[in-house]
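Data block for coords_7.txt (compact mmCIF, C-alpha atoms):
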# COMPACT_ATOMS: atom_id res chain seq x y z
CA MET C 1 -6.21 -64.38 99.64
CA ALA C 2 -5.24 -67.95 100.53
CA LEU C 3 -4.90 -68.70 96.81
CA LEU C 4 -2.67 -65.69 96.26
CA THR C 5 -0.47 -66.76 99.18
CA LEU C 6 -0.16 -70.23 97.65
CA LEU C 7 0.76 -68.60 94.31
CA ALA C 8 3.56 -66.69 96.03
CA VAL C 9 4.76 -69.88 97.77
CA VAL C 10 4.88 -71.76 94.44
CA THR C 11 6.78 -68.88 92.80
CA VAL C 12 9.42 -68.89 95.55
CA ALA C 13 9.67 -72.68 95.22
CA VAL C 14 10.24 -72.34 91.47
CA ILE C 15 13.08 -69.85 92.05
CA GLY C 16 14.76 -72.17 94.56
CA GLN C 17 14.58 -75.29 92.38
CA ARG C 18 17.52 -76.62 90.35
CA SER C 19 15.69 -79.64 88.94
CA LEU C 20 13.79 -78.54 85.85
CA PHE C 21 11.37 -81.46 86.20
CA ALA C 22 10.22 -80.06 89.53
CA VAL C 23 9.96 -76.60 87.97
CA VAL C 24 7.63 -77.91 85.24
CA ILE C 25 5.39 -79.61 87.79
CA LEU C 26 5.36 -76.48 89.97
CA ALA C 27 4.44 -74.41 86.90
CA GLY C 28 1.47 -76.76 86.40
CA ILE C 29 0.44 -76.25 90.03
CA TYR C 30 0.80 -72.48 89.51
CA SER C 31 -1.56 -72.65 86.52
CA PHE C 32 -4.17 -74.60 88.47
CA LEU C 33 -3.99 -72.08 91.32
CA MET C 34 -4.33 -69.26 88.77
CA ALA C 35 -7.39 -71.02 87.32
CA SER C 36 -8.89 -71.19 90.81
CA VAL C 37 -8.24 -67.46 91.27
CA LEU C 38 -10.00 -66.77 87.95
CA ILE C 39 -13.00 -68.87 89.07
CA VAL C 40 -13.17 -66.79 92.25
CA LEU C 41 -13.20 -63.70 89.99
CA ASP C 42 -16.15 -65.26 88.02
CA ALA C 43 -14.13 -65.57 84.79
CA VAL C 44 -15.02 -69.22 84.15
CA ASP C 45 -14.11 -69.23 80.45
CA VAL C 46 -10.64 -67.87 81.14
CA ALA C 47 -10.20 -70.28 84.06
CA MET C 48 -11.03 -73.19 81.77
CA THR C 49 -8.46 -72.03 79.22
CA GLU C 50 -5.85 -71.53 81.92
CA ALA C 51 -6.43 -75.01 83.35
CA SER C 52 -6.40 -76.81 79.99
CA VAL C 53 -3.60 -74.85 78.29
CA GLY C 54 -1.46 -73.70 81.21
CA ALA C 55 -1.65 -76.83 83.33
CA GLY C 56 -2.39 -79.42 80.66
CA ILE C 57 -0.79 -78.83 77.28
CA SER C 58 2.14 -76.63 78.41
CA THR C 59 3.15 -79.18 81.04
CA VAL C 60 3.13 -81.98 78.46
CA LEU C 61 5.09 -79.90 75.92
CA LEU C 62 7.61 -78.77 78.56
CA LEU C 63 8.12 -82.38 79.66
CA ALA C 64 8.61 -83.34 76.02
CA THR C 65 11.21 -80.57 75.76
CA LEU C 66 12.99 -81.88 78.87
CA ASN C 67 13.10 -85.22 77.09
CA LEU C 68 15.23 -83.51 74.42
CA THR C 69 17.47 -81.52 76.77
CA LYS C 70 19.04 -81.88 80.21
CA THR C 71 16.82 -81.82 83.27
CA THR C 72 18.96 -79.75 85.64
CA ALA C 73 19.60 -76.04 85.38
CA ILE C 74 23.22 -75.03 84.86
CA GLN C 75 24.66 -73.51 88.02
CA SER C 76 25.26 -69.88 87.14
CA GLY C 77 28.34 -68.10 88.47
CA ARG C 78 28.23 -65.28 91.01
CA PRO C 79 24.80 -63.72 91.49
CA ARG C 80 24.45 -60.63 89.33
CA LEU C 81 22.89 -57.45 90.64
CA ALA C 82 21.61 -55.92 87.38
CA PRO C 83 18.82 -58.49 86.68
CA LEU C 84 17.58 -58.17 90.26
CA ILE C 85 17.41 -54.38 90.01
CA LEU C 86 15.70 -54.61 86.60
CA ALA C 87 13.11 -57.07 87.95
CA LEU C 88 12.42 -54.87 90.99
CA VAL C 89 12.06 -51.73 88.84
CA VAL C 90 9.70 -53.40 86.34
CA GLY C 91 7.67 -54.98 89.16
CA GLY C 92 7.46 -51.61 90.91
CA LEU C 93 6.30 -49.93 87.69
CA ILE C 94 3.55 -52.55 87.24
CA VAL C 95 2.33 -52.12 90.82
CA TRP C 96 2.46 -48.33 90.36
CA GLY C 97 0.39 -48.74 87.18
CA THR C 98 -2.30 -50.78 88.94
CA LEU C 99 -2.76 -47.98 91.49
CA ALA C 100 -4.45 -45.89 88.78
CA LEU C 101 -6.99 -48.64 87.96
CA PRO C 102 -10.52 -48.25 89.32
CA PRO C 103 -11.29 -50.57 92.28
CA PHE C 104 -12.38 -54.12 91.35
CA GLY C 105 -16.05 -54.34 90.36
CA THR C 106 -16.73 -50.62 90.02
CA PRO C 107 -19.83 -50.30 87.81
CA ASP C 108 -18.85 -46.93 86.30
CA ALA C 109 -15.32 -47.96 85.28
CA VAL C 110 -14.48 -46.95 81.69
CA ILE C 111 -14.52 -50.54 80.42
CA HIS C 112 -18.08 -51.07 81.71
CA THR C 113 -19.56 -47.94 80.12
CA HIS C 114 -18.36 -48.22 76.49
CA VAL C 115 -19.74 -51.10 74.38
CA ALA C 116 -20.16 -53.74 77.10
CA PRO C 117 -23.70 -52.73 78.18
CA ARG C 118 -24.91 -52.97 74.57
CA TYR C 119 -23.40 -56.45 74.17
CA LEU C 120 -25.00 -57.57 77.44
CA ALA C 121 -28.39 -56.14 76.52
CA ARG C 122 -28.66 -57.27 72.90
CA SER C 123 -26.62 -60.49 72.74
CA VAL C 124 -29.58 -62.88 72.89
CA GLU C 125 -31.85 -61.04 70.47
CA GLU C 126 -29.06 -60.37 67.96
CA THR C 127 -27.10 -63.64 68.04
CA GLY C 128 -29.35 -66.13 69.85
CA VAL C 129 -26.46 -67.03 72.16
CA PRO C 130 -27.03 -66.60 75.90
CA ASN C 131 -23.33 -66.84 76.85
CA VAL C 132 -22.11 -63.32 76.18
CA VAL C 133 -18.45 -64.42 76.31
CA THR C 134 -19.04 -66.65 73.29
CA SER C 135 -21.06 -64.08 71.36
CA VAL C 136 -18.45 -61.38 71.96
CA LEU C 137 -15.52 -63.66 71.03
CA ALA C 138 -17.01 -65.28 67.95
CA ASP C 139 -19.36 -62.59 66.70
CA TYR C 140 -18.91 -58.99 67.88
CA ARG C 141 -15.13 -59.30 68.05
CA GLY C 142 -14.88 -61.90 65.27
CA TYR C 143 -11.88 -60.18 63.70
CA ASP C 144 -9.86 -60.52 66.92
CA THR C 145 -10.59 -64.23 67.19
CA LEU C 146 -9.70 -64.72 63.52
CA GLY C 147 -6.39 -63.05 64.36
CA GLU C 148 -5.90 -65.31 67.39
CA THR C 149 -6.56 -68.43 65.31
CA THR C 150 -4.05 -67.20 62.75
CA VAL C 151 -1.52 -66.64 65.55
CA ILE C 152 -1.94 -70.25 66.73
CA PHE C 153 -1.60 -71.44 63.13
CA THR C 154 1.57 -69.40 62.57
CA ALA C 155 3.15 -70.38 65.88
CA GLY C 156 2.38 -74.07 65.32
CA ILE C 157 3.83 -74.04 61.80
CA GLY C 158 6.90 -72.19 63.05
CA VAL C 159 7.64 -74.65 65.87
CA MET C 160 7.06 -77.65 63.59
CA LEU C 161 9.44 -76.23 60.96
CA LEU C 162 12.10 -75.53 63.60
CA LEU C 163 11.94 -79.03 65.09
CA ARG C 164 11.85 -80.80 61.76
CA GLY C 165 14.42 -78.60 60.00
CA PHE C 166 17.11 -79.37 62.57
CA ARG C 167 16.34 -83.02 62.39
CA ARG C 168 16.82 -83.17 58.64
CA ARG C 169 20.20 -81.45 58.94
CA ASP C 170 21.24 -84.06 61.54
CA ASP C 171 20.21 -86.84 59.19
CA GLU C 172 22.25 -85.34 56.37
CA ARG C 173 25.30 -85.12 58.63
CA THR C 174 25.06 -88.74 59.71
CA GLU C 175 24.63 -89.76 56.10
CA ARG C 176 27.74 -87.84 55.08
CA ARG C 177 29.74 -89.53 57.84
CA LYS C 178 28.75 -92.90 56.50
CA MET T 1 5.45 -99.55 75.69
CA SER T 2 4.59 -101.92 78.54
CA LEU T 3 2.97 -100.11 81.42
CA ASP T 4 0.92 -101.03 84.42
CA VAL T 5 -2.38 -102.73 83.61
CA ILE T 6 -4.20 -100.43 86.01
CA LEU T 7 -2.87 -97.40 84.17
CA ARG T 8 -3.91 -98.75 80.78
CA VAL T 9 -7.39 -99.82 81.87
CA GLY T 10 -7.88 -96.56 83.77
CA THR T 11 -6.90 -94.53 80.73
CA LYS T 12 -9.21 -96.59 78.54
CA LEU T 13 -12.10 -95.89 80.89
CA LEU T 14 -11.35 -92.17 81.09
CA LEU T 15 -10.73 -91.37 77.42
CA PRO T 16 -14.32 -91.53 76.10
CA PHE T 17 -15.53 -89.29 78.89
CA ILE T 18 -12.80 -86.74 78.27
CA GLN T 19 -13.68 -86.71 74.57
CA LEU T 20 -17.38 -86.40 75.39
CA PHE T 21 -16.55 -83.49 77.69
CA ALA T 22 -14.61 -81.84 74.86
CA LEU T 23 -17.66 -82.13 72.58
CA TYR T 24 -19.87 -80.79 75.37
CA VAL T 25 -17.56 -77.81 75.82
CA GLN T 26 -17.61 -77.24 72.06
CA PHE T 27 -21.34 -77.44 71.43
CA HIS T 28 -22.56 -76.13 74.77
CA GLY T 29 -20.26 -73.10 74.53
CA ASP T 30 -23.27 -71.04 73.50
CA TYR T 31 -24.87 -71.60 76.90
CA GLY T 32 -22.10 -72.40 79.34
CA PRO T 33 -18.42 -71.66 79.63
CA GLY T 34 -16.16 -72.90 76.89
CA GLY T 35 -15.86 -72.82 73.14
CA GLY T 36 -13.66 -73.90 70.29
CA PHE T 37 -10.36 -73.09 71.95
CA GLN T 38 -10.96 -75.03 75.17
CA ALA T 39 -12.58 -77.94 73.32
CA GLY T 40 -9.64 -78.08 70.93
CA VAL T 41 -7.16 -78.30 73.77
CA ILE T 42 -9.18 -81.03 75.54
CA THR T 43 -9.45 -83.01 72.27
CA ALA T 44 -5.69 -82.73 71.85
CA GLY T 45 -5.37 -83.90 75.46
CA VAL T 46 -7.28 -87.09 74.58
CA VAL T 47 -4.85 -87.97 71.78
CA ILE T 48 -1.81 -87.03 73.89
CA LEU T 49 -2.97 -89.13 76.85
CA PHE T 50 -3.62 -92.06 74.51
CA SER T 51 -0.21 -91.60 72.95
CA ILE T 52 1.53 -91.51 76.35
CA THR T 53 -0.19 -94.69 77.55
CA PHE T 54 -0.36 -96.80 74.38
CA GLY T 55 2.55 -95.48 72.34
CA LEU T 56 2.93 -93.06 69.48
CA ARG T 57 2.41 -95.63 66.74
CA ARG T 58 -1.09 -96.55 67.88
CA ALA T 59 -2.02 -92.91 68.46
CA GLN T 60 -1.06 -92.12 64.89
CA LEU T 61 -3.46 -94.80 63.71
CA ILE T 62 -6.32 -92.79 65.27
CA ALA T 63 -4.99 -89.35 64.39
CA PRO T 64 -2.57 -89.72 61.49
CA LYS T 65 0.15 -87.11 61.27
CA ALA T 66 -0.83 -85.98 57.78
CA MET T 67 -4.44 -85.40 58.90
CA VAL T 68 -3.42 -83.52 62.04
CA GLU T 69 -1.07 -81.26 60.12
CA ARG T 70 -3.73 -80.52 57.52
CA MET T 71 -6.15 -79.56 60.28
CA VAL T 72 -3.90 -76.63 61.27
CA PRO T 73 -4.51 -74.51 58.14
CA LEU T 74 -7.97 -76.03 57.54
CA GLY T 75 -9.38 -74.41 60.70
CA VAL T 76 -8.15 -70.97 59.70
CA LEU T 77 -9.69 -71.56 56.26
CA ILE T 78 -13.06 -72.53 57.82
CA TYR T 79 -12.98 -69.36 59.92
CA ALA T 80 -11.94 -67.05 57.09
CA GLY T 81 -14.32 -68.89 54.74
CA THR T 82 -17.23 -68.16 57.06
CA GLY T 83 -16.22 -64.53 56.97
CA ALA T 84 -15.88 -64.59 53.20
CA ALA T 85 -19.29 -66.27 52.87
CA GLY T 86 -20.91 -63.27 54.56
CA PHE T 87 -18.88 -61.06 52.24
CA LEU T 88 -20.01 -62.94 49.10
CA LEU T 89 -23.67 -63.03 50.17
CA GLY T 90 -23.77 -59.27 50.15
CA SER T 91 -22.72 -58.10 53.58
CA ASN T 92 -19.51 -57.24 55.42
CA PHE T 93 -16.66 -59.67 56.10
CA LEU T 94 -17.53 -61.74 59.22
CA ASN T 95 -21.11 -60.43 59.30
CA TYR T 96 -23.18 -63.58 59.85
CA SER T 97 -26.64 -62.04 59.42
CA VAL T 98 -26.93 -63.16 55.79
CA LEU T 99 -25.94 -66.82 56.35
CA ALA T 100 -29.52 -67.95 57.02
CA HIS T 101 -33.01 -66.69 56.34
CA ASP T 102 -33.25 -64.53 59.42
CA PRO T 103 -30.32 -62.70 61.06
CA VAL T 104 -30.48 -64.49 64.45
CA HIS T 105 -30.19 -67.92 62.82
CA GLY T 106 -27.45 -66.56 60.61
CA HIS T 107 -25.51 -65.51 63.69
CA GLU T 108 -26.01 -68.91 65.33
CA TRP T 109 -24.67 -70.59 62.20
CA GLY T 110 -21.79 -68.16 61.94
CA ILE T 111 -20.73 -68.69 65.55
CA PHE T 112 -21.03 -72.47 65.13
CA LEU T 113 -18.82 -72.51 62.01
CA VAL T 114 -16.29 -70.12 63.48
CA GLU T 115 -15.99 -72.19 66.66
CA LEU T 116 -15.56 -75.29 64.48
CA GLY T 117 -12.68 -73.56 62.73
CA VAL T 118 -11.05 -72.65 66.04
CA LEU T 119 -11.50 -76.25 67.29
CA THR T 120 -9.86 -77.65 64.15
CA THR T 121 -6.85 -75.35 64.24
CA VAL T 122 -6.25 -75.57 67.99
CA SER T 123 -6.54 -79.35 68.30
CA GLY T 124 -4.53 -79.87 65.11
CA THR T 125 -1.75 -77.56 66.26
CA MET T 126 -1.50 -79.06 69.75
CA ILE T 127 -1.38 -82.67 68.51
CA ALA T 128 1.05 -81.81 65.70
CA LEU T 129 3.36 -80.05 68.17
CA PHE T 130 3.27 -83.05 70.49
CA TYR T 131 4.09 -85.38 67.59
CA ALA T 132 6.94 -83.11 66.48
CA PHE T 133 8.47 -83.09 69.97
CA VAL T 134 8.12 -86.82 70.55
CA GLU T 135 9.45 -87.79 67.13
CA ARG T 136 12.48 -85.58 67.54
CA GLY T 137 13.21 -87.25 70.87
CA ARG T 138 13.51 -90.70 69.28
Just dump the structure as structure tokens.
Amino acid sequence: MALLTLLAVVTVAVIGQRSLFAVVILAGIYSFLMASVLIVLDAVDVAMTEASVGAGISTVLLLATLNLTKTTAIQSGRPRLAPLILALVVGGLIVWGTLALPPFGTPDAVIHTHVAPRYLARSVEETGVPNVVTSVLADYRGYDTLGETTVIFTAGIGVMLLLRGFRRRDDERTERRK
Amino acid sequence: MSLDVILRVGTKLLLPFIQLFALYVQFHGDYGPGGGFQAGVITAGVVILFSITFGLRRAQLIAPKAMVERMVPLGVLIYAGTGAAGFLLGSNFLNYSVLAHDPVHGHEWGIFLVELGVLTTVSGTMIALFYAFVERGR
């Protein structure tokens, strides 16, 4: 509960900030708090990913982006009502959706009665790997992880092409001016 | 890049342990939390931290840009190749049972190779993205 309160405090601080540098640092703090929440929920693998990707790499990449752009947000004009209403409606829908979920940790929830018990029971004898998270990710759901790796590959190539393509055009322009 | 001596010495002391931790996360992922993805990000973190403290030029001596960019597709190829190996040895795509003499060892090998592929792609992508951003800023 204390962690969730801190999360809310950081979110409000992010909204109030004009300096983008502070926003990036606050986003890193948010990720670390989220990782702590995930540890409390016993999802250590996810917490590790959140801490290393959310707080580590994203912060570095966002700071590198700030290096390329300006570091203060542009003051927008009069506050608009439509985005606020949209945000409230979507948030309300999400909260309404969570009401239908089974309570946290219910043993007979749908997700715990389908294939999960078989994975838990047979992971060691079938794959020789005691950590079920690893055996599910890399073996039982190998197709999904192959897809994820391909997504990272595609996203990385895309960003690299974008950054480099613009640069080459700039070079051509400066050459023409000469 | 001239920075504080304390910062440089501190980074030097920390880097091997961070890299060791990345390897631990990679190879101990079968028993504890972690795996290729997390290890890849931590490995990228080592290079990025080195690059921030000692400059991009020296970092690219350790992890040359051409190598890092080749790692991005190489990892996907290792992963898909492991799947295809199962396919060629007479089973389904991504079925590791046939990779060794008995199915359990086959699965251990399969998971090891697949995690290696994920490590290669993830660390390659993260470092290459960092290089792309920093080089554009200059």
Contact residues (chain C, partner chain T, 7 Å, all atoms listed in the file) as an NGL selection string: :C and (44-45 or 48-49 or 52-53 or 61 or 64-65 or 67-68 or 126-131 or 134 or 138-139 or 142 or 146 or 149-150 or 152-153 or 156 or 160 or 163 or 167)
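One finds CA of Tyr140 in chain C at 12.6 Å from CA of Asn92 in chain T.
Between CA of Val151 in chain C and CA of Leu33 in chain C the separation is 26.5 Å.
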Long-range neighbours of Leu15 in chain T as JSON, numbers by chain, 10 Å cut-off, only C-alpha atoms, 6 positions minimum in chain: {"T": [21, 43, 45, 46, 47, 49, 50]}
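Take the candidates T:Leu99, T:Leu56, T:Leu116, T:Phe17 and check each one against Ala84 in chain T using all atoms listed in the file; the shortest distance goes to T:Leu99.
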